[in-house]
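Undergrad: File my_file08.cif follows (mmCIF, C-alpha atoms):
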```cif
data_final
loop_
_atom_site.label_atom_id
_atom_site.label_comp_id
_atom_site.auth_asym_id
_atom_site.auth_seq_id
_atom_site.Cartn_x
_atom_site.Cartn_y
_atom_site.Cartn_z
CA MET A 25 26.63 15.76 -2.22
CA SER A 26 24.42 14.49 -5.01
CA SER A 27 22.07 11.56 -4.65
CA PRO A 28 22.50 8.48 -6.86
CA LEU A 29 18.85 9.02 -7.78
CA GLU A 30 19.60 12.41 -9.35
CA GLY A 31 18.19 12.65 -12.85
CA ARG A 32 16.47 9.25 -12.74
CA ARG A 33 13.03 9.21 -14.35
CA VAL A 34 10.88 7.30 -11.88
CA LEU A 35 7.33 6.22 -12.67
CA VAL A 36 4.94 6.64 -9.73
CA THR A 37 1.92 4.39 -10.18
CA ARG A 38 -0.05 5.29 -7.04
CA ALA A 39 -3.57 6.74 -7.15
CA ALA A 40 -3.75 10.41 -8.05
CA GLY A 41 -4.51 11.58 -4.51
CA GLN A 42 -1.64 9.59 -3.03
CA ALA A 43 1.09 9.99 -5.65
CA PRO A 44 2.40 13.41 -4.53
CA VAL A 45 3.84 12.06 -1.26
CA LEU A 46 6.18 9.64 -3.04
CA GLY A 47 6.81 12.16 -5.79
CA GLU A 48 8.04 14.74 -3.29
CA MET A 49 10.38 12.22 -1.67
CA LEU A 50 11.86 11.35 -5.05
CA SER A 51 12.19 15.01 -6.05
CA ALA A 52 14.11 15.67 -2.84
CA GLU A 53 16.65 13.09 -4.08
CA GLY A 54 16.99 14.87 -7.39
CA ALA A 55 14.95 12.29 -9.31
CA SER A 56 12.31 13.20 -11.88
CA PRO A 57 9.06 11.56 -10.76
CA ILE A 58 6.52 10.84 -13.49
CA GLY A 59 3.04 10.39 -12.09
CA VAL A 60 0.77 8.03 -14.00
CA PRO A 61 -1.95 6.81 -11.64
CA VAL A 62 -2.80 3.26 -12.67
CA ILE A 63 -5.38 2.74 -9.91
CA ARG A 64 -8.32 4.53 -8.38
CA ARG A 65 -10.45 3.74 -5.37
CA GLN A 66 -14.04 2.67 -5.89
CA ASP A 67 -16.07 2.76 -2.70
CA LEU A 68 -18.39 -0.18 -2.09
CA MET A 69 -20.50 1.07 0.83
CA ASP A 70 -23.40 3.43 0.37
CA ALA A 71 -23.94 6.17 2.94
CA ALA A 72 -26.54 4.24 4.95
CA THR A 73 -24.37 1.12 5.26
CA ARG A 74 -21.37 3.21 6.25
CA GLU A 75 -23.35 5.05 8.92
CA ALA A 76 -24.64 1.76 10.29
CA LEU A 77 -21.08 0.44 10.60
CA LEU A 78 -19.93 3.63 12.29
CA ALA A 79 -22.82 3.33 14.73
CA ARG A 80 -21.76 -0.21 15.61
CA ILE A 81 -18.19 0.97 16.18
CA GLY A 82 -19.44 3.83 18.33
CA ALA A 83 -21.57 1.43 20.37
CA GLU A 84 -18.41 -0.55 21.14
CA GLU A 85 -19.52 -3.72 19.39
CA PHE A 86 -15.83 -4.29 18.61
CA ASP A 87 -12.88 -4.53 20.97
CA ASP A 88 -10.26 -3.93 18.30
CA LEU A 89 -10.12 -2.16 14.95
CA VAL A 90 -7.39 -3.32 12.58
CA PHE A 91 -6.46 -1.24 9.53
CA THR A 92 -4.18 -2.27 6.70
CA SER A 93 -4.52 0.85 4.54
CA ALA A 94 -5.10 4.58 4.75
CA ASN A 95 -7.88 4.14 2.17
CA ALA A 96 -9.97 2.17 4.67
CA VAL A 97 -9.56 4.97 7.21
CA ASP A 98 -10.66 7.55 4.66
CA CYS A 99 -13.68 5.47 3.67
CA LEU A 100 -14.93 5.53 7.26
CA TRP A 101 -13.86 8.94 8.58
CA GLY A 102 -12.94 10.94 5.50
CA GLY A 103 -16.28 12.71 5.72
CA GLY A 104 -15.55 14.02 9.20
CA ALA A 105 -17.48 11.49 11.32
CA ALA A 106 -16.48 11.38 14.97
CA ALA A 107 -13.87 8.73 15.75
CA PRO A 108 -14.55 6.27 18.61
CA ALA A 109 -12.62 6.34 21.86
CA GLY A 110 -13.20 2.78 23.09
CA PRO A 111 -11.59 0.13 20.83
CA ARG A 112 -7.91 -0.61 20.56
CA VAL A 113 -6.77 0.54 17.12
CA TYR A 114 -4.00 -1.14 15.12
CA ALA A 115 -2.31 -0.03 11.90
CA ILE A 116 -0.11 -2.05 9.58
CA GLY A 117 2.37 0.76 8.98
CA PRO A 118 3.20 4.45 9.40
CA GLY A 119 1.07 5.72 6.49
CA THR A 120 -2.04 4.01 7.84
CA ALA A 121 -1.21 5.15 11.37
CA ALA A 122 -0.89 8.75 10.20
CA ALA A 123 -4.33 8.57 8.55
CA LEU A 124 -5.84 7.19 11.78
CA GLU A 125 -4.23 9.91 13.87
CA ARG A 126 -5.58 12.57 11.51
CA ALA A 127 -9.02 11.06 12.14
CA GLY A 128 -8.48 11.51 15.88
CA LEU A 129 -7.70 7.91 16.80
CA ALA A 130 -4.92 6.80 19.13
CA VAL A 131 -2.94 4.00 17.48
CA GLU A 132 -1.21 1.13 19.24
CA THR A 133 2.52 0.62 18.73
CA LEU A 134 3.26 -0.39 15.14
CA PRO A 135 4.40 -3.92 14.26
CA ALA A 136 8.07 -4.61 13.67
CA GLY A 137 7.47 -5.28 9.98
CA PHE A 138 4.72 -3.64 7.96
CA ILE A 139 3.05 -6.81 6.66
CA ALA A 140 0.01 -8.78 7.82
CA GLU A 141 2.03 -11.50 9.57
CA SER A 142 3.89 -8.93 11.67
CA LEU A 143 0.64 -7.14 12.47
CA VAL A 144 -0.87 -10.39 13.77
CA GLU A 145 2.17 -10.89 15.99
CA ARG A 146 1.80 -7.35 17.34
CA ILE A 147 -1.92 -7.79 18.10
CA SER A 148 -1.33 -11.15 19.78
CA GLN A 149 1.01 -9.52 22.29
CA ALA A 150 -2.00 -7.78 23.84
CA GLY A 151 -4.21 -10.89 23.81
CA VAL A 152 -6.57 -12.05 21.10
CA SER A 153 -8.77 -14.92 22.27
CA GLY A 154 -12.43 -13.96 22.57
CA ARG A 155 -11.91 -10.40 21.36
CA ARG A 156 -14.26 -8.95 18.76
CA ILE A 157 -12.11 -7.63 15.93
CA LEU A 158 -13.23 -5.55 12.96
CA ILE A 159 -11.00 -5.40 9.88
CA PRO A 160 -12.14 -2.67 7.46
CA ARG A 161 -10.28 -3.24 4.21
CA ALA A 162 -10.31 -3.58 0.43
CA ARG A 163 -12.19 -6.26 -1.46
CA GLY A 164 -9.84 -9.04 -2.48
CA ALA A 165 -7.24 -8.36 0.21
CA ARG A 166 -5.11 -11.25 1.47
CA ASP A 167 -6.97 -13.50 3.90
CA VAL A 168 -3.93 -14.15 6.10
CA LEU A 169 -4.84 -11.50 8.68
CA PRO A 170 -8.40 -12.63 9.55
CA ARG A 171 -7.44 -16.29 9.21
CA LEU A 172 -4.55 -16.10 11.69
CA LEU A 173 -6.54 -14.01 14.17
CA GLU A 174 -9.43 -16.50 14.04
CA GLN A 175 -6.99 -19.34 14.66
CA MET A 176 -5.96 -17.53 17.83
CA GLY A 177 -9.56 -17.41 19.04
CA ALA A 178 -10.63 -13.94 17.92
CA LEU A 179 -14.14 -13.20 16.65
CA VAL A 180 -13.30 -11.50 13.36
CA GLU A 181 -15.58 -9.48 11.11
CA VAL A 182 -14.31 -8.19 7.77
CA ALA A 183 -15.90 -5.10 6.23
CA GLU A 184 -15.07 -4.61 2.56
CA LEU A 185 -15.19 -0.85 2.11
CA TYR A 186 -13.66 -0.34 -1.31
CA GLU A 187 -11.75 -1.89 -4.17
CA MET A 188 -8.91 -0.59 -6.28
CA VAL A 189 -9.70 -0.63 -9.98
CA PRO A 190 -7.66 0.31 -13.05
CA GLU A 191 -7.57 4.00 -13.91
CA TRP A 192 -8.34 3.59 -17.59
CA ALA A 193 -7.90 7.31 -18.24
CA SER A 194 -4.15 6.71 -17.75
CA GLN A 195 -3.84 3.89 -20.26
CA GLU A 196 -2.66 6.03 -23.18
CA ALA A 197 -0.05 7.84 -21.10
CA LEU A 198 1.26 4.57 -19.67
CA THR A 199 1.51 2.76 -22.99
CA GLU A 200 3.29 5.75 -24.57
CA LEU A 201 5.88 5.70 -21.77
CA LEU A 202 6.43 1.97 -22.09
CA ARG A 203 6.74 2.07 -25.88
CA GLY A 204 9.01 5.11 -25.81
CA ARG A 205 11.23 3.75 -23.02
CA GLY A 206 10.97 7.12 -21.30
CA ILE A 207 11.46 5.84 -17.76
CA ASP A 208 14.40 4.49 -15.76
CA CYS A 209 12.42 2.97 -12.92
CA VAL A 210 8.90 1.82 -12.08
CA THR A 211 7.68 1.83 -8.46
CA PHE A 212 4.98 -0.49 -7.19
CA THR A 213 3.59 0.28 -3.74
CA SER A 214 0.94 -2.46 -3.46
CA GLY A 215 -0.33 -5.56 -5.17
CA SER A 216 -3.18 -3.52 -6.62
CA THR A 217 -0.77 -1.14 -8.38
CA VAL A 218 0.83 -4.18 -10.01
CA ARG A 219 -2.48 -5.71 -11.10
CA CYS A 220 -3.85 -2.46 -12.46
CA PHE A 221 -0.55 -1.62 -14.18
CA ALA A 222 -0.73 -4.98 -15.95
CA ALA A 223 -4.37 -4.42 -16.92
CA LEU A 224 -3.57 -1.04 -18.50
CA ALA A 225 -0.30 -2.15 -20.11
CA GLY A 226 -1.73 -5.29 -21.71
CA PRO A 227 1.17 -7.23 -23.26
CA LEU A 228 3.61 -4.33 -22.79
CA ARG A 229 6.18 -4.47 -20.00
CA PRO A 230 8.96 -2.12 -18.91
CA ALA A 231 12.17 -2.36 -20.92
CA PRO A 232 14.79 -4.81 -19.61
CA GLU A 233 17.05 -1.96 -18.48
CA CYS A 234 14.23 -0.38 -16.46
CA VAL A 235 14.57 -0.94 -12.70
CA LEU A 236 11.46 -2.31 -10.98
CA ALA A 237 11.02 -1.43 -7.30
CA ALA A 238 8.50 -2.97 -4.89
CA LEU A 239 7.44 -1.70 -1.47
CA GLY A 240 7.81 -5.16 0.08
CA PRO A 241 7.83 -8.92 -0.55
CA VAL A 242 4.07 -9.27 -1.05
CA THR A 243 4.08 -6.59 -3.75
CA ALA A 244 7.21 -8.12 -5.29
CA GLU A 245 5.56 -11.54 -5.50
CA GLU A 246 2.52 -10.04 -7.21
CA ALA A 247 4.84 -8.38 -9.74
CA ARG A 248 6.51 -11.71 -10.48
CA ARG A 249 3.10 -13.28 -11.11
CA HIS A 250 2.60 -10.67 -13.83
CA GLY A 251 5.95 -11.26 -15.49
CA MET A 252 7.86 -8.44 -13.78
CA ALA A 253 10.67 -9.38 -11.37
CA PRO A 254 11.67 -6.43 -9.16
CA GLN A 255 15.38 -5.80 -8.72
CA VAL A 256 14.64 -3.63 -5.68
CA VAL A 257 12.47 -4.77 -2.76
CA ALA A 258 12.29 -2.45 0.24
CA GLN A 259 13.29 -4.05 3.53
CA THR A 260 11.33 -1.41 5.43
CA HIS A 261 7.84 -1.57 3.92
CA SER A 262 7.08 2.15 3.74
CA LEU A 263 7.53 4.95 1.23
CA PRO A 264 10.75 6.20 2.91
CA GLY A 265 11.95 2.60 2.95
CA LEU A 266 11.27 2.31 -0.79
CA VAL A 267 13.22 5.49 -1.52
CA ASP A 268 16.08 4.27 0.69
CA ALA A 269 16.16 0.96 -1.19
CA LEU A 270 16.30 2.77 -4.54
CA ARG A 271 19.09 5.02 -3.30
CA SER A 272 21.11 1.99 -2.21
CA TRP A 273 20.49 0.20 -5.52
CA TYR A 274 21.66 3.10 -7.66
CA ALA A 275 24.58 3.86 -5.34
CA ALA A 276 25.90 0.32 -5.91
CA LEU A 277 25.98 0.67 -9.71
CA PRO A 278 29.48 0.71 -11.22
CA GLU A 279 29.23 4.33 -12.34
CA ASN A 280 28.57 5.39 -8.76
CA GLU A 281 31.26 3.33 -7.02
CA GLY A 282 33.74 5.46 -5.20
CA GLN A 283 31.55 8.55 -5.25
CA PRO A 284 30.83 10.22 -1.89
#
```
I'd like the structure from this file rewritten - as structure tokens, please.

TA:
Amino acid sequence: MSSPLEGRRVLVTRAAGQAPVLGEMLSAEGASPIGVPVIRRQDLMDAATREALLARIGAEEFDDLVFTSANAVDCLWGGGAAAPAGPRVYAIGPGTAAALERAGLAVETLPAGFIAESLVERISQAGVSGRRILIPRARGARDVLPRLLEQMGALVEVAELYEMVPEWASQEALTELLRGRGIDCVTFTSGSTVRCFAALAGPLRPAPECVLAALGPVTAEEARRHGMAPQVVAQTHSLPGLVDALRSWYAALPENEGQP
């Protein structure tokens, strides 16, 4: 039984080191993933500052560690530093949880939905008031997570470990694809992929017939702010959820109706 994604040329905009995971999922569906990394991670902490933060974590200065991206995990423990055993550790979704587990950390049960508001609800179930919470994250991330936790009485510290910046080396490849209309679908997996895509593309946008797919509502809203309204928004905010949403979208097209 063929997949409705078979033969679709799907642009993967994730960073170079992260793109293969989505690319493999799409290839398994018979799609033709085209990897053009529009973002790259730029670390903000020097080695001494990072070691000082790790020492504070190891000394149990924090009761809870809250992660909203695998990149933040890699910034702290990608070099092989020993992971702490004391704090409760929360992850926003399965990809972040997997990165934490690879670093040797036990992760609390994931939230029902993989967005900041759901993560706050999950943390609050275990009690928040008076707890010292560290949120390692990207510069410019949404402030909803620390703000809501502070409103519940938590003592929140935000550590900006990195920022996602445009991968200018990909600009020529991206503009050629957009001008040549060589893609059927563009995938956006975060607000930063949208912003960096727009920076590289300039005034260019995907052709009207090109399907735009967002990992979740926050990413979709960022796309709309840049003049791109996604037709596909994953209900489950994960890479498998994004592929499932694309499969459902293409299966519902008239040419696929009635096919097994």

Undergrad: So which residues fall inside 10 Å of (4.6, 1.3, -8.8) if we count all atoms listed in the file? Mind giving them as a ChimeraX atom specification?

TA: /A:34-39,43,59-62,209-218,220-221,236-239,243,247

Undergrad: So, counting only C-alpha atoms, which residue among A:Val152, A:Ile116, A:Leu266, A:Arg229 is closest to Ile207 of chain A?

TA: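 The closest residue to Ile207 of chain A is A:Arg229.
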
Undergrad: May I ask which of the residues A:Ile159, A:Ala269, A:Met69, A:Val144 is the closest one to Leu89 of chain A, counting all atoms listed in the file?

TA: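 For Leu89 of chain A, the nearest of the given residues is A:Ile159.
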
Undergrad: Name the closest residue to Pro232 of chain A among the candidates A:Ala244, A:Ile58, A:Ala130, A:Ala253; distances are taken between atoms, counting all atoms listed in the file.

TA: A:Ala253

Undergrad: Within 10 Å of Val97 of chain A, counting all atoms listed in the file, which residues show up once you throw out same-chain ones fewer than 6 positions away? Write them as a list of chain:residue names, please.

TA: A:Phe91, A:Ala115, A:Thr120, A:Ala121, A:Ala122, A:Ala123, A:Leu124, A:Glu125, A:Arg126, A:Ala127, A:Pro160, A:Arg161, A:Leu185

Undergrad: Please write as a list of chain:residue names the full residue list that the PyMOL selection byres ((chain A and resi 205) around 10) yields on this file.

TA: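 Those residues are A:Thr199, A:Glu200, A:Leu201, A:Leu202, A:Arg203, A:Gly204, A:Gly206, A:Ile207, A:Asp208, A:Pro230, A:Ala231, A:Pro232, A:Glu233, A:Cys234.
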
Undergrad: Give the answer as one residue: which of A:Asp268, A:Glu85, A:Glu141, A:Glu30 has the shortest atom-to-atom distance to Arg166 of chain A, using only C-alpha atoms?

TA: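 Comparing A:Asp268, A:Glu85, A:Glu141, A:Glu30 against Arg166 of chain A, the winner is A:Glu141.
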
Undergrad: Work out how far apart atom CA of Pro111 of chain A and atom CA of Gly164 of chain A are and give it in Å to one decimal.

TA: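 That distance, rounded to one decimal, is 25.1 Å.
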
Undergrad: Using the chain letters and residue numbers of this document, give as a PDB file with C-alpha atoms, in the frame of the given file the residues selected by the PyMOL selection byres ((chain A and resi 223) around 10).

TA:
```pdb
ATOM      1  CA  VAL A  62      -2.800   3.260 -12.670  1.00  0.00           C
ATOM      2  CA  VAL A 189      -9.700  -0.630  -9.980  1.00  0.00           C
ATOM      3  CA  PRO A 190      -7.660   0.310 -13.050  1.00  0.00           C
ATOM      4  CA  GLU A 191      -7.570   4.000 -13.910  1.00  0.00           C
ATOM      5  CA  TRP A 192      -8.340   3.590 -17.590  1.00  0.00           C
ATOM      6  CA  GLN A 195      -3.840   3.890 -20.260  1.00  0.00           C
ATOM      7  CA  THR A 217      -0.770  -1.140  -8.380  1.00  0.00           C
ATOM      8  CA  VAL A 218       0.830  -4.180 -10.010  1.00  0.00           C
ATOM      9  CA  ARG A 219      -2.480  -5.710 -11.100  1.00  0.00           C
ATOM     10  CA  CYS A 220      -3.850  -2.460 -12.460  1.00  0.00           C
ATOM     11  CA  PHE A 221      -0.550  -1.620 -14.180  1.00  0.00           C
ATOM     12  CA  ALA A 222      -0.730  -4.980 -15.950  1.00  0.00           C
ATOM     13  CA  LEU A 224      -3.570  -1.040 -18.500  1.00  0.00           C
ATOM     14  CA  ALA A 225      -0.300  -2.150 -20.110  1.00  0.00           C
ATOM     15  CA  GLY A 226      -1.730  -5.290 -21.710  1.00  0.00           C
ATOM     16  CA  PRO A 227       1.170  -7.230 -23.260  1.00  0.00           C
ATOM     17  CA  LEU A 228       3.610  -4.330 -22.790  1.00  0.00           C
ATOM     18  CA  HIS A 250       2.600 -10.670 -13.830  1.00  0.00           C
TER      19      HIS A 250
END
```

Undergrad: Just how far from atom CA of Ala165 of chain A is atom CA of Val182 of chain A, in Å to one decimal?

TA: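 Atom CA of Val182 of chain A sits 10.4 Å away from atom CA of Ala165 of chain A.
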
Undergrad: May I have the residues within 6 Å of segment 172-181 of chain A as an MDAnalysis selection string, using all atoms listed in the file and disregarding those fewer than 6 positions away in the same chain?

TA: chainID A and resid 152:158

Undergrad: Applied to this file, what does the PyMOL selection byres ((chain A and resi 263) around 9) return in terms of residues, put as a list in words?

TA: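 Selected by the PyMOL selection byres ((chain A and resi 263) around 9) in this file: Val45, Leu46, Met49, Gly119, Thr213, Leu239, Ala258, Thr260, His261, Ser262, Pro264, Gly265, Leu266, Val267 and Asp268 of chain A.
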